[in-house]
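Next comes target-v5.tsv, with TSV, C-alpha atoms.
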chain	number	residue	atom	x	y	z
D	22	MET	CA	-35.28	-56.32	-21.76
D	23	PRO	CA	-32.79	-58.28	-23.87
D	24	THR	CA	-29.64	-59.87	-22.61
D	25	THR	CA	-26.31	-59.81	-24.39
D	26	ALA	CA	-24.75	-63.18	-25.16
D	27	PHE	CA	-20.98	-63.16	-25.40
D	28	PRO	CA	-19.56	-65.41	-28.13
D	29	PRO	CA	-18.26	-68.70	-26.70
D	30	ARG	CA	-14.69	-69.79	-26.98
D	31	SER	CA	-13.89	-72.95	-28.88
D	32	PRO	CA	-14.03	-76.06	-26.70
D	33	CYS	CA	-10.73	-77.48	-25.67
D	34	ALA	CA	-9.32	-80.49	-27.46
D	35	PRO	CA	-9.90	-83.83	-25.74
D	36	SER	CA	-7.16	-85.15	-23.54
D	37	SER	CA	-5.80	-88.42	-24.84
D	38	LEU	CA	-6.86	-91.52	-22.97
D	39	ALA	CA	-5.38	-93.87	-25.54
D	40	THR	CA	-2.96	-96.51	-24.33
D	41	PRO	CA	-0.43	-98.60	-26.25
D	42	SER	CA	-2.06	-101.55	-27.95
D	43	GLU	CA	0.22	-103.96	-26.14
D	44	GLY	CA	-1.09	-102.63	-22.81
D	45	LEU	CA	-4.59	-103.71	-23.73
D	46	LEU	CA	-3.45	-107.33	-23.91
D	47	HIS	CA	-2.80	-107.33	-20.18
D	48	ARG	CA	-6.10	-105.75	-19.18
D	49	THR	CA	-9.06	-107.62	-17.80
D	50	PRO	CA	-12.38	-107.21	-19.63
D	51	LEU	CA	-13.60	-105.05	-16.74
D	52	GLU	CA	-10.57	-102.74	-16.96
D	53	ALA	CA	-10.96	-102.49	-20.72
D	54	TRP	CA	-14.66	-101.61	-20.29
D	55	ARG	CA	-13.83	-98.85	-17.82
D	56	GLN	CA	-11.18	-97.40	-20.12
D	57	GLU	CA	-13.64	-97.44	-23.00
D	58	CYS	CA	-16.19	-95.59	-20.85
D	59	LEU	CA	-13.57	-93.02	-19.86
D	60	ALA	CA	-12.71	-92.50	-23.52
D	61	GLN	CA	-16.40	-91.99	-24.33
D	62	LEU	CA	-16.67	-89.57	-21.44
D	63	ALA	CA	-13.63	-87.61	-22.65
D	64	ALA	CA	-15.16	-87.35	-26.12
D	65	LEU	CA	-18.44	-86.06	-24.69
D	66	LYS	CA	-16.62	-83.46	-22.59
D	67	ALA	CA	-14.54	-82.34	-25.57
D	68	ALA	CA	-17.71	-81.89	-27.65
D	69	THR	CA	-19.35	-79.73	-24.97
D	70	PRO	CA	-19.36	-76.06	-26.01
D	71	VAL	CA	-18.61	-73.27	-23.57
D	72	THR	CA	-21.92	-72.00	-22.17
D	73	PRO	CA	-22.83	-68.35	-22.90
D	74	LEU	CA	-22.15	-65.48	-20.51
D	75	ARG	CA	-24.99	-62.96	-20.68
D	76	GLU	CA	-25.25	-59.44	-19.30
D	77	LEU	CA	-28.48	-58.00	-17.93
D	78	ALA	CA	-29.19	-54.48	-19.18
D	79	LEU	CA	-30.25	-52.91	-15.86
D	80	CYS	CA	-30.47	-49.16	-15.47
D	81	GLY	CA	-30.74	-48.71	-11.72
D	82	LEU	CA	-27.57	-50.35	-10.46
D	83	GLY	CA	-24.96	-47.65	-10.95
D	84	GLU	CA	-21.94	-49.00	-12.81
D	85	ALA	CA	-22.42	-52.58	-11.58
D	86	ARG	CA	-22.45	-55.15	-14.40
D	87	VAL	CA	-24.79	-58.08	-13.71
D	88	LEU	CA	-23.67	-61.24	-15.52
D	89	ILE	CA	-25.43	-64.59	-15.90
D	90	LYS	CA	-23.58	-67.75	-16.90
D	91	ASP	CA	-26.25	-69.64	-18.84
D	92	GLU	CA	-25.81	-73.25	-17.77
D	93	ARG	CA	-29.18	-74.17	-19.28
D	94	ALA	CA	-27.29	-74.52	-22.59
D	95	HIS	CA	-25.81	-77.89	-21.63
D	96	ALA	CA	-27.05	-80.95	-23.51
D	97	SER	CA	-28.83	-82.25	-20.40
D	98	GLY	CA	-30.30	-78.83	-19.66
D	99	SER	CA	-28.68	-77.61	-16.45
D	100	LEU	CA	-25.63	-76.73	-14.40
D	101	LYS	CA	-25.64	-80.32	-13.09
D	102	HIS	CA	-24.33	-81.55	-16.47
D	103	ARG	CA	-20.84	-80.68	-15.23
D	104	LEU	CA	-21.35	-82.50	-11.93
D	105	ALA	CA	-22.69	-85.63	-13.61
D	106	MET	CA	-19.60	-85.78	-15.84
D	107	ALA	CA	-17.33	-85.35	-12.82
D	108	LEU	CA	-19.10	-87.98	-10.69
D	109	PHE	CA	-19.05	-90.61	-13.44
D	110	GLU	CA	-15.41	-89.90	-14.23
D	111	GLN	CA	-14.47	-90.26	-10.57
D	112	ALA	CA	-16.48	-93.47	-10.19
D	113	LEU	CA	-14.90	-95.03	-13.28
D	114	LYS	CA	-11.36	-94.10	-12.27
D	115	GLN	CA	-11.93	-95.46	-8.77
D	116	GLY	CA	-13.29	-98.73	-10.15
D	117	TRP	CA	-16.73	-98.27	-8.59
D	118	LEU	CA	-18.79	-98.92	-11.74
D	119	SER	CA	-19.32	-102.24	-13.51
D	120	PRO	CA	-21.26	-103.20	-16.65
D	121	GLY	CA	-24.73	-104.53	-15.99
D	122	ARG	CA	-24.89	-102.97	-12.51
D	123	PRO	CA	-27.17	-99.98	-11.88
D	124	VAL	CA	-25.91	-96.51	-11.02
D	125	ILE	CA	-27.94	-94.78	-8.30
D	126	ASP	CA	-28.02	-91.27	-6.91
D	127	ALA	CA	-30.07	-89.18	-4.50
D	128	SER	CA	-31.28	-85.96	-6.10
D	129	SER	CA	-33.95	-83.28	-6.07
D	130	GLY	CA	-34.17	-83.66	-9.83
D	131	SER	CA	-31.70	-81.78	-12.03
D	132	THR	CA	-28.61	-83.81	-11.11
D	133	ALA	CA	-30.57	-86.98	-11.80
D	134	VAL	CA	-31.64	-85.71	-15.23
D	135	SER	CA	-28.00	-85.11	-16.18
D	136	GLU	CA	-26.88	-88.44	-14.69
D	137	ALA	CA	-29.61	-90.30	-16.57
D	138	TRP	CA	-28.55	-88.53	-19.77
D	139	LEU	CA	-24.95	-89.64	-19.28
D	140	ALA	CA	-25.72	-93.16	-18.06
D	141	ARG	CA	-27.76	-93.76	-21.21
D	142	ARG	CA	-24.80	-92.83	-23.39
D	143	LEU	CA	-22.52	-95.14	-21.45
D	144	GLY	CA	-25.01	-98.01	-21.63
D	145	LEU	CA	-25.70	-98.07	-17.88
D	146	GLU	CA	-28.95	-98.36	-15.95
D	147	PHE	CA	-29.69	-95.32	-13.80
D	148	ILE	CA	-32.01	-95.02	-10.79
D	149	ALA	CA	-32.85	-91.68	-9.16
D	150	VAL	CA	-34.01	-91.49	-5.54
D	151	VAL	CA	-35.96	-88.25	-5.18
D	152	PRO	CA	-38.19	-86.63	-2.54
D	153	LYS	CA	-41.93	-86.68	-3.08
D	154	GLY	CA	-43.05	-83.38	-4.52
D	155	THR	CA	-40.20	-83.12	-7.03
D	156	ALA	CA	-41.42	-81.24	-10.11
D	157	CYS	CA	-43.28	-83.55	-12.50
D	158	ASN	CA	-41.35	-82.29	-15.52
D	159	LYS	CA	-38.06	-83.22	-13.85
D	160	LEU	CA	-39.34	-86.74	-13.20
D	161	ARG	CA	-40.49	-86.97	-16.81
D	162	ALA	CA	-37.06	-85.79	-18.02
D	163	ILE	CA	-35.33	-88.51	-15.96
D	164	ARG	CA	-37.61	-91.17	-17.43
D	165	ASP	CA	-37.25	-89.77	-20.94
D	166	GLU	CA	-33.51	-90.42	-20.65
D	167	GLY	CA	-34.17	-94.03	-19.65
D	168	GLY	CA	-33.79	-93.50	-15.91
D	169	ARG	CA	-35.96	-95.02	-13.22
D	170	VAL	CA	-37.40	-92.95	-10.37
D	171	VAL	CA	-37.91	-93.96	-6.74
D	172	GLU	CA	-39.77	-91.38	-4.64
D	173	ILE	CA	-39.49	-91.22	-0.84
D	174	GLU	CA	-41.53	-89.28	1.69
D	175	ASN	CA	-38.82	-87.70	3.85
D	176	ALA	CA	-36.01	-85.79	2.12
D	177	VAL	CA	-33.84	-86.19	5.23
D	178	HIS	CA	-33.53	-89.91	4.40
D	179	LEU	CA	-32.67	-89.42	0.73
D	180	CYS	CA	-29.07	-90.63	0.94
D	181	GLN	CA	-29.83	-93.55	3.26
D	182	SER	CA	-32.53	-94.74	0.87
D	183	ALA	CA	-30.20	-94.50	-2.13
D	184	GLN	CA	-27.45	-96.40	-0.29
D	185	ALA	CA	-29.87	-99.15	0.72
D	186	LEU	CA	-31.07	-99.47	-2.87
D	187	ALA	CA	-27.48	-99.75	-4.11
D	188	GLU	CA	-26.74	-102.50	-1.60
D	189	ASP	CA	-29.90	-104.42	-2.48
D	190	SER	CA	-29.34	-104.17	-6.25
D	191	GLY	CA	-25.57	-104.64	-6.33
D	192	GLY	CA	-25.22	-101.23	-7.92
D	193	HIS	CA	-23.22	-98.16	-6.97
D	194	PHE	CA	-24.46	-95.07	-5.12
D	195	LEU	CA	-22.71	-92.06	-6.71
D	196	ASN	CA	-23.58	-89.85	-3.70
D	197	GLN	CA	-23.30	-86.37	-5.12
D	198	PHE	CA	-23.75	-84.98	-1.62
D	199	GLN	CA	-20.50	-86.57	-0.48
D	200	HIS	CA	-18.38	-86.35	-3.61
D	201	ALA	CA	-19.46	-83.16	-5.42
D	202	ALA	CA	-16.75	-80.98	-3.89
D	203	THR	CA	-13.93	-83.48	-4.54
D	204	ALA	CA	-15.00	-84.79	-7.95
D	205	SER	CA	-15.58	-81.44	-9.63
D	206	ASP	CA	-12.83	-79.84	-11.69
D	207	TRP	CA	-11.85	-76.60	-9.95
D	208	GLN	CA	-8.29	-75.92	-11.09
D	209	SER	CA	-8.35	-75.91	-14.90
D	210	GLU	CA	-9.17	-73.05	-17.25
D	211	THR	CA	-12.06	-75.15	-18.63
D	212	SER	CA	-13.69	-75.50	-15.20
D	213	LEU	CA	-16.84	-73.45	-14.51
D	214	PRO	CA	-14.99	-70.63	-12.71
D	215	GLY	CA	-12.18	-70.78	-15.27
D	216	GLU	CA	-14.68	-70.31	-18.10
D	217	CYS	CA	-16.37	-67.41	-16.31
D	218	LEU	CA	-13.13	-65.55	-15.62
D	219	ALA	CA	-11.92	-66.09	-19.20
D	220	GLN	CA	-15.17	-64.76	-20.65
D	221	ILE	CA	-15.06	-61.71	-18.36
D	222	ALA	CA	-11.48	-61.03	-19.46
D	223	GLU	CA	-12.24	-61.56	-23.15
D	224	ARG	CA	-15.01	-58.97	-23.04
D	225	GLU	CA	-12.83	-56.57	-21.03
D	226	LEU	CA	-15.51	-56.39	-18.36
D	227	PRO	CA	-14.72	-55.03	-14.88
D	228	GLU	CA	-13.10	-57.39	-12.41
D	229	LEU	CA	-15.36	-59.89	-10.68
D	230	GLU	CA	-16.72	-58.57	-7.38
D	231	ALA	CA	-18.78	-61.56	-6.28
D	232	VAL	CA	-20.49	-64.73	-7.42
D	233	PHE	CA	-23.85	-65.71	-5.91
D	234	LEU	CA	-24.50	-69.42	-5.42
D	235	GLY	CA	-27.25	-71.48	-3.88
D	236	ALA	CA	-25.94	-74.67	-2.31
D	237	GLY	CA	-27.44	-78.08	-2.90
D	238	THR	CA	-24.32	-80.16	-2.47
D	239	GLY	CA	-22.02	-77.17	-2.01
D	240	GLY	CA	-19.88	-78.37	-4.91
D	241	SER	CA	-20.15	-75.22	-7.05
D	242	ALA	CA	-19.14	-73.00	-4.12
D	243	ALA	CA	-16.15	-75.21	-3.38
D	244	THR	CA	-15.17	-75.09	-7.05
D	245	PHE	CA	-15.34	-71.30	-7.22
D	246	ALA	CA	-13.60	-70.72	-3.88
D	247	ARG	CA	-10.74	-73.10	-4.70
D	248	HIS	CA	-10.26	-71.68	-8.19
D	249	LEU	CA	-10.29	-68.08	-7.00
D	250	ARG	CA	-7.87	-68.92	-4.19
D	251	HIS	CA	-5.63	-70.78	-6.65
D	252	LYS	CA	-5.56	-67.70	-8.87
D	253	GLY	CA	-5.01	-65.35	-5.94
D	254	LEU	CA	-8.36	-63.69	-6.61
D	255	LEU	CA	-10.32	-64.68	-3.51
D	256	ARG	CA	-11.16	-62.01	-0.97
D	257	HIS	CA	-12.25	-62.93	2.56
D	258	SER	CA	-13.61	-59.67	3.87
D	259	GLY	CA	-16.50	-61.00	5.93
D	260	PRO	CA	-20.21	-60.41	5.49
D	261	LEU	CA	-21.91	-57.09	5.05
D	262	HIS	CA	-24.02	-56.33	8.11
D	263	HIS	CA	-26.74	-53.79	8.63
D	264	THR	CA	-29.23	-52.87	11.31
D	265	GLY	CA	-32.77	-51.84	10.54
D	266	PRO	CA	-34.63	-51.96	7.23
D	267	LEU	CA	-33.20	-50.68	3.99
D	268	HIS	CA	-35.17	-48.05	2.13
D	269	HIS	CA	-34.62	-47.52	-1.57
D	270	THR	CA	-36.29	-44.55	-3.19
D	271	GLY	CA	-34.69	-44.31	-6.59
D	272	PRO	CA	-32.02	-45.56	-8.96
D	273	PHE	CA	-28.64	-46.49	-7.56
D	274	HIS	CA	-25.89	-43.99	-8.28
D	275	HIS	CA	-22.28	-44.73	-7.57
D	276	SER	CA	-20.56	-42.60	-4.98
D	277	GLY	CA	-17.07	-42.60	-3.57
D	278	PRO	CA	-13.93	-43.94	-5.24
D	279	LEU	CA	-13.99	-46.73	-7.78
D	280	HIS	CA	-12.60	-50.10	-6.76
D	281	HIS	CA	-9.21	-50.93	-8.23
D	282	ARG	CA	-7.94	-54.24	-9.52
D	283	GLY	CA	-6.40	-56.59	-6.99
D	284	HIS	CA	-9.10	-56.41	-4.32
D	285	GLY	CA	-10.41	-59.92	-5.04
D	286	ALA	CA	-13.82	-61.54	-5.40
D	287	ARG	CA	-16.28	-62.93	-2.86
D	288	VAL	CA	-18.33	-66.13	-2.86
D	289	ILE	CA	-21.78	-65.32	-1.47
D	290	GLY	CA	-24.26	-68.06	-0.65
D	291	VAL	CA	-28.03	-67.77	-0.92
D	292	ASP	CA	-30.41	-70.06	0.92
D	293	PRO	CA	-34.18	-70.65	0.80
D	294	GLU	CA	-36.30	-70.10	3.90
D	295	HIS	CA	-36.64	-73.78	4.81
D	296	SER	CA	-33.01	-74.90	4.80
D	297	VAL	CA	-30.30	-75.32	7.43
D	298	TYR	CA	-27.33	-74.10	5.39
D	299	HIS	CA	-27.70	-70.45	6.38
D	300	ALA	CA	-27.73	-71.41	10.07
D	301	CYS	CA	-24.72	-73.67	9.52
D	302	TRP	CA	-22.79	-70.81	7.91
D	303	GLN	CA	-23.80	-68.37	10.67
D	304	HIS	CA	-22.55	-70.76	13.36
D	305	HIS	CA	-19.26	-71.22	11.52
D	306	HIS	CA	-18.84	-67.47	11.02
D	307	THR	CA	-19.48	-66.82	14.73
D	308	HIS	CA	-17.79	-69.79	16.39
D	309	GLY	CA	-15.39	-71.13	13.77
D	310	THR	CA	-16.84	-74.65	13.84
D	311	ARG	CA	-19.04	-76.59	11.42
D	312	MET	CA	-22.30	-77.36	13.24
D	313	THR	CA	-24.33	-80.21	11.73
D	314	SER	CA	-26.89	-80.91	14.49
D	315	LEU	CA	-29.29	-78.14	13.58
D	316	PRO	CA	-33.10	-78.18	13.96
D	317	ALA	CA	-34.81	-79.41	10.81
D	318	PRO	CA	-37.03	-76.89	8.99
D	319	GLN	CA	-40.70	-77.06	9.88
D	320	ALA	CA	-41.92	-76.85	6.29
D	321	PRO	CA	-40.85	-78.31	2.93
D	322	ASN	CA	-38.55	-76.29	0.70
D	323	PRO	CA	-40.25	-75.15	-2.55
D	324	ILE	CA	-36.99	-73.92	-4.11
D	325	GLU	CA	-35.80	-77.15	-5.70
D	326	GLY	CA	-32.11	-77.78	-6.20
D	327	ILE	CA	-30.74	-75.65	-3.35
D	328	GLY	CA	-31.06	-75.75	0.43
D	329	ARG	CA	-31.37	-78.91	2.50
D	330	PRO	CA	-33.22	-80.03	5.66
D	331	CYS	CA	-29.92	-81.28	7.14
D	332	VAL	CA	-26.25	-80.41	6.67
D	333	LEU	CA	-24.80	-82.77	4.09
D	334	GLU	CA	-21.22	-83.96	3.93
D	335	ALA	CA	-20.07	-81.92	0.92
D	336	PHE	CA	-21.35	-78.61	2.32
D	337	ASP	CA	-18.48	-76.67	3.88
D	338	PRO	CA	-19.31	-73.16	5.15
D	339	VAL	CA	-15.65	-72.13	4.91
D	340	HIS	CA	-16.08	-71.64	1.15
D	341	PHE	CA	-18.56	-68.76	1.61
D	342	ASP	CA	-17.66	-65.17	2.48
D	343	ASP	CA	-21.28	-64.31	3.24
D	344	TYR	CA	-24.63	-66.09	3.23
D	345	ARG	CA	-28.08	-64.61	2.72
D	346	ARG	CA	-31.44	-66.20	3.50
D	347	ILE	CA	-33.93	-65.28	0.78
D	348	ALA	CA	-37.70	-65.36	1.18
D	349	ASP	CA	-39.21	-68.04	-1.06
D	350	ALA	CA	-41.70	-65.57	-2.52
D	351	ARG	CA	-38.80	-63.25	-3.41
D	352	SER	CA	-36.96	-66.11	-5.16
D	353	GLN	CA	-40.04	-67.01	-7.19
D	354	ALA	CA	-40.79	-63.38	-8.04
D	355	ALA	CA	-37.19	-62.86	-9.17
D	356	ALA	CA	-37.32	-65.90	-11.45
D	357	LEU	CA	-40.54	-64.65	-13.03
D	358	TRP	CA	-39.07	-61.15	-13.42
D	359	LEU	CA	-36.05	-62.56	-15.26
D	360	ALA	CA	-38.37	-64.38	-17.67
D	361	GLU	CA	-40.59	-61.38	-18.32
D	362	HIS	CA	-38.02	-58.57	-18.40
D	363	ALA	CA	-34.79	-60.25	-19.49
D	364	GLY	CA	-36.08	-63.11	-21.64
D	365	LEU	CA	-34.44	-65.71	-19.36
D	366	ALA	CA	-36.83	-68.54	-18.50
D	367	VAL	CA	-35.14	-69.93	-15.39
D	368	GLY	CA	-35.99	-72.03	-12.37
D	369	PRO	CA	-36.58	-70.63	-8.88
D	370	SER	CA	-33.03	-71.28	-7.61
D	371	THR	CA	-31.73	-68.80	-10.19
D	372	GLY	CA	-34.27	-66.35	-8.79
D	373	THR	CA	-32.79	-66.91	-5.32
D	374	ALA	CA	-29.32	-65.96	-6.57
D	375	PHE	CA	-30.63	-62.90	-8.45
D	376	ALA	CA	-32.52	-61.73	-5.35
D	377	GLY	CA	-29.40	-62.20	-3.23
D	378	LEU	CA	-27.38	-60.15	-5.70
D	379	LEU	CA	-29.92	-57.32	-5.62
D	380	GLU	CA	-30.08	-57.37	-1.81
D	381	THR	CA	-26.29	-57.12	-1.64
D	382	LEU	CA	-26.17	-54.18	-4.04
D	383	GLU	CA	-29.01	-52.50	-2.14
D	384	LEU	CA	-27.02	-52.85	1.07
D	385	LYS	CA	-23.87	-51.44	-0.54
D	386	HIS	CA	-25.88	-48.47	-1.80
D	387	ALA	CA	-27.31	-47.87	1.68
D	388	ARG	CA	-23.75	-47.82	3.06
D	389	GLY	CA	-22.74	-45.20	0.51
D	390	GLU	CA	-20.42	-47.56	-1.35
D	391	ALA	CA	-19.75	-47.46	-5.07
D	392	LEU	CA	-21.66	-49.92	-7.24
D	393	THR	CA	-19.03	-51.04	-9.72
D	394	GLY	CA	-17.46	-54.23	-11.02
D	395	SER	CA	-18.93	-57.49	-12.32
D	396	TRP	CA	-21.50	-59.44	-10.30
D	397	LEU	CA	-22.10	-63.02	-11.37
D	398	LEU	CA	-24.84	-65.61	-10.96
D	399	LEU	CA	-25.64	-68.88	-12.72
D	400	ALA	CA	-28.77	-69.71	-14.72
D	401	CYS	CA	-29.00	-73.21	-13.31
D	402	ASP	CA	-31.93	-74.75	-15.18
D	403	HIS	CA	-34.91	-73.93	-17.37
D	404	ALA	CA	-38.34	-72.79	-16.20
D	405	SER	CA	-39.93	-75.57	-18.27
D	406	ARG	CA	-39.01	-77.98	-15.47
D	407	TYR	CA	-41.40	-76.08	-13.18
D	408	ALA	CA	-44.50	-76.14	-15.38
D	409	SER	CA	-46.78	-76.84	-12.42
D	410	THR	CA	-45.62	-73.74	-10.49
D	411	LEU	CA	-43.76	-70.89	-12.20
D	412	GLY	CA	-44.95	-72.00	-15.63
D	413	ASP	CA	-48.61	-72.40	-14.64
D	414	PRO	CA	-50.84	-69.32	-15.14
D	415	VAL	CA	-53.27	-70.64	-12.50
D	416	TRP	CA	-50.46	-70.98	-9.94
D	417	ARG	CA	-49.19	-67.48	-10.74
D	418	ALA	CA	-52.68	-66.01	-10.32
D	419	GLU	CA	-53.17	-67.79	-7.00
D	420	HIS	CA	-49.85	-66.48	-5.68
D	421	GLN	CA	-50.04	-62.99	-7.18
D	422	SER	CA	-50.65	-61.17	-3.88
D	423	ARG	CA	-47.76	-63.02	-2.22
D	424	LEU	CA	-45.33	-62.27	-5.07
D	425	ALA	CA	-46.43	-58.70	-5.88
D	426	PRO	CA	-44.43	-56.85	-3.16
D	427	HIS	CA	-41.23	-58.60	-4.23
D	428	ARG	CA	-41.82	-57.87	-7.91
D	429	ALA	CA	-42.33	-54.19	-7.01
D	430	TRP	CA	-39.08	-54.25	-5.01
D	431	ILE	CA	-37.14	-55.65	-7.99
D	432	GLU	CA	-38.66	-53.15	-10.40
D	433	ARG	CA	-37.83	-50.27	-8.03
D	434	LEU	CA	-34.19	-51.36	-7.70
D	435	THR	CA	-33.60	-51.97	-11.40
D	436	ALA	CA	-35.50	-48.99	-12.85

Could you rewrite the structure in this file as structure tokens?
Amino acid sequence: MPTTAFPPRSPCAPSSLATPSEGLLHRTPLEAWRQECLAQLAALKAATPVTPLRELALCGLGEARVLIKDERAHASGSLKHRLAMALFEQALKQGWLSPGRPVIDASSGSTAVSEAWLARRLGLEFIAVVPKGTACNKLRAIRDEGGRVVEIENAVHLCQSAQALAEDSGGHFLNQFQHAATASDWQSETSLPGECLAQIAERELPELEAVFLGAGTGGSAATFARHLRHKGLLRHSGPLHHTGPLHHTGPFHHSGPLHHRGHGARVIGVDPEHSVYHACWQHHHTHGTRMTSLPAPQAPNPIEGIGRPCVLEAFDPVHFDDYRRIADARSQAAALWLAEHAGLAVGPSTGTAFAGLLETLELKHARGEALTGSWLLLACDHASRYASTLGDPVWRAEHQSRLAPHRAWIERLTA
């Protein structure tokens, strides 16, 4: 099943970082170096094309339009390209980076790949602190960009280990988990949500109903929620609840009145089985407070890039209108389905978002609600980074019985 790629808009012109020549005479060498790095960064951002917006041709979802923002198209291969740019820009403007000193971050892989890519172009050493079990192809990609990898046993101690390494080496810990929400551009038309809304408008697609996001740092959710609120497009209508199992016996057909413009969009989170974010959101939704002392999951999380064993600083449940916990097997089956039926070779976190989208539409159908509007998810990274799992025929054969019921569920909903 092919996808439709919408033509990208032209990238915006770079903002000028030039300063009067006489001002340079009064700058220290360190200040001049930082300004040069910021100018390089601005040039890289200006040369970055708008990533494609694709539409899945699905027959069984009424009049709902399922859209995928293909962030795999970035030069460093993932959604985290935007975050890396934002973190380095913030660190340079704050005076946290110095020549000859390493830049360090804690990551489950994709952020580190993008940070290594950028550090190399700025002439900086980069060190990634990652949990053991991170996909081998991600580690190889970090090293291919000149980065160094430090693996630790317990993912709960990822940030502490990165901070200790920064202190020992005299480098700087970027700390995506603290700064992602504040560093990321959320207001401009060239931000991720700004691009998405512009592309939807250009194609005269229905108004955005919801965006589905898995949280690693929580930065993307904060970016979308702030942008939608800034534009007056955010709807806080609470989660959809149901009791008992949902039974789907055929294609979705819309019933009831169509939604009209002005109702607003929702930000819906999706979480793997072995993560605390869903529980954190539930506590906030019920009690109105952000609970961080939650029991750690009893098993490792196989859905790299999203979900965490503890609540990290940048994760704020207030940015989510609803949150769904997705079975890991369903996430993996959904990623494989997208590759086989839509030609989109994506990682498992994209499968989590797609599964959450389908579950939400299934629930709306069960409630007798119309299936209309645009429903958005992000293609976060490429399946090639998961060659030892999703990309391995032996792994797929070993897990066939576990994945088969979820594949059948997807095929039934989309037929």

Have a look at atom CA of Ser370 of chain D and atom CA of Leu254 of chain D and let me know their distance in Å, one decimal.
25.8 Å

Report, in Å to a single decimal, how far apart atom CA of Arg311 of chain D and atom CA of Leu397 of chain D are.
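Atom CA of Arg311 of chain D lies at a distance of 26.7 Å from atom CA of Leu397 of chain D.
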
Top pick for closest residue to Gly235 of chain D, considering D:Cys180, D:Ala300, D:Ile148, D:Val291 and counting all atoms listed in the file
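Ranking D:Cys180, D:Ala300, D:Ile148, D:Val291 by distance to Gly235 of chain D, first place goes to D:Val291.
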
Quick one: residues within 12 Å of Ala85 of chain D, only C-alpha atoms, excluding same-chain residues fewer than 2 positions away - as a PyMOL selection string?
chain D and resi 76-83+87-88+226-231+273-275+279-280+378-379+381-383+385-386+390-397+435

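Relative to atom CA of Asp342 of chain D, atom CA of Leu255 of chain D is found at 9.5 Å.
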
Could you check the closest approach to Val339 of chain D for each of D:Gly121, D:Gly290, D:Gly389, D:Pro214 and tell me which residue wins, using only C-alpha atoms?
D:Gly290

Name the closest residue to Gln353 of chain D among the candidates D:Thr371, D:Gln115, D:Gln56, D:Thr203; distances are taken between atoms, counting all atoms listed in the file.
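Nearest to Gln353 of chain D: D:Thr371.
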
Point (-10.7, -72.6, -5.4), cut-off 12 Å, counting only C-alpha atoms, residues as a ChimeraX atom specification:
/D:202-203,205-210,212-215,240-256,286-288,339-341

I need the residues from that last selection saved to file as a PDB file, in the coordinates of the input (with C-alpha atoms), if you can.
ATOM      1  CA  ALA D 202     -16.750 -80.980  -3.890  1.00  0.00           C
ATOM      2  CA  THR D 203     -13.930 -83.480  -4.540  1.00  0.00           C
ATOM      3  CA  SER D 205     -15.580 -81.440  -9.630  1.00  0.00           C
ATOM      4  CA  ASP D 206     -12.830 -79.840 -11.690  1.00  0.00           C
ATOM      5  CA  TRP D 207     -11.850 -76.600  -9.950  1.00  0.00           C
ATOM      6  CA  GLN D 208      -8.290 -75.920 -11.090  1.00  0.00           C
ATOM      7  CA  SER D 209      -8.350 -75.910 -14.900  1.00  0.00           C
ATOM      8  CA  GLU D 210      -9.170 -73.050 -17.250  1.00  0.00           C
ATOM      9  CA  SER D 212     -13.690 -75.500 -15.200  1.00  0.00           C
ATOM     10  CA  LEU D 213     -16.840 -73.450 -14.510  1.00  0.00           C
ATOM     11  CA  PRO D 214     -14.990 -70.630 -12.710  1.00  0.00           C
ATOM     12  CA  GLY D 215     -12.180 -70.780 -15.270  1.00  0.00           C
ATOM     13  CA  GLY D 240     -19.880 -78.370  -4.910  1.00  0.00           C
ATOM     14  CA  SER D 241     -20.150 -75.220  -7.050  1.00  0.00           C
ATOM     15  CA  ALA D 242     -19.140 -73.000  -4.120  1.00  0.00           C
ATOM     16  CA  ALA D 243     -16.150 -75.210  -3.380  1.00  0.00           C
ATOM     17  CA  THR D 244     -15.170 -75.090  -7.050  1.00  0.00           C
ATOM     18  CA  PHE D 245     -15.340 -71.300  -7.220  1.00  0.00           C
ATOM     19  CA  ALA D 246     -13.600 -70.720  -3.880  1.00  0.00           C
ATOM     20  CA  ARG D 247     -10.740 -73.100  -4.700  1.00  0.00           C
ATOM     21  CA  HIS D 248     -10.260 -71.680  -8.190  1.00  0.00           C
ATOM     22  CA  LEU D 249     -10.290 -68.080  -7.000  1.00  0.00           C
ATOM     23  CA  ARG D 250      -7.870 -68.920  -4.190  1.00  0.00           C
ATOM     24  CA  HIS D 251      -5.630 -70.780  -6.650  1.00  0.00           C
ATOM     25  CA  LYS D 252      -5.560 -67.700  -8.870  1.00  0.00           C
ATOM     26  CA  GLY D 253      -5.010 -65.350  -5.940  1.00  0.00           C
ATOM     27  CA  LEU D 254      -8.360 -63.690  -6.610  1.00  0.00           C
ATOM     28  CA  LEU D 255     -10.320 -64.680  -3.510  1.00  0.00           C
ATOM     29  CA  ARG D 256     -11.160 -62.010  -0.970  1.00  0.00           C
ATOM     30  CA  ALA D 286     -13.820 -61.540  -5.400  1.00  0.00           C
ATOM     31  CA  ARG D 287     -16.280 -62.930  -2.860  1.00  0.00           C
ATOM     32  CA  VAL D 288     -18.330 -66.130  -2.860  1.00  0.00           C
ATOM     33  CA  VAL D 339     -15.650 -72.130   4.910  1.00  0.00           C
ATOM     34  CA  HIS D 340     -16.080 -71.640   1.150  1.00  0.00           C
ATOM     35  CA  PHE D 341     -18.560 -68.760   1.610  1.00  0.00           C
TER      36      PHE D 341
END

Which residues are close to segment 159-161 of chain D, i.e. within 7 Å by all atoms listed in the file, leaving aside same-chain residues fewer than 2 positions away? Reply as a ChimeraX atom specification.
/D:130-131,156-157,163-165,406
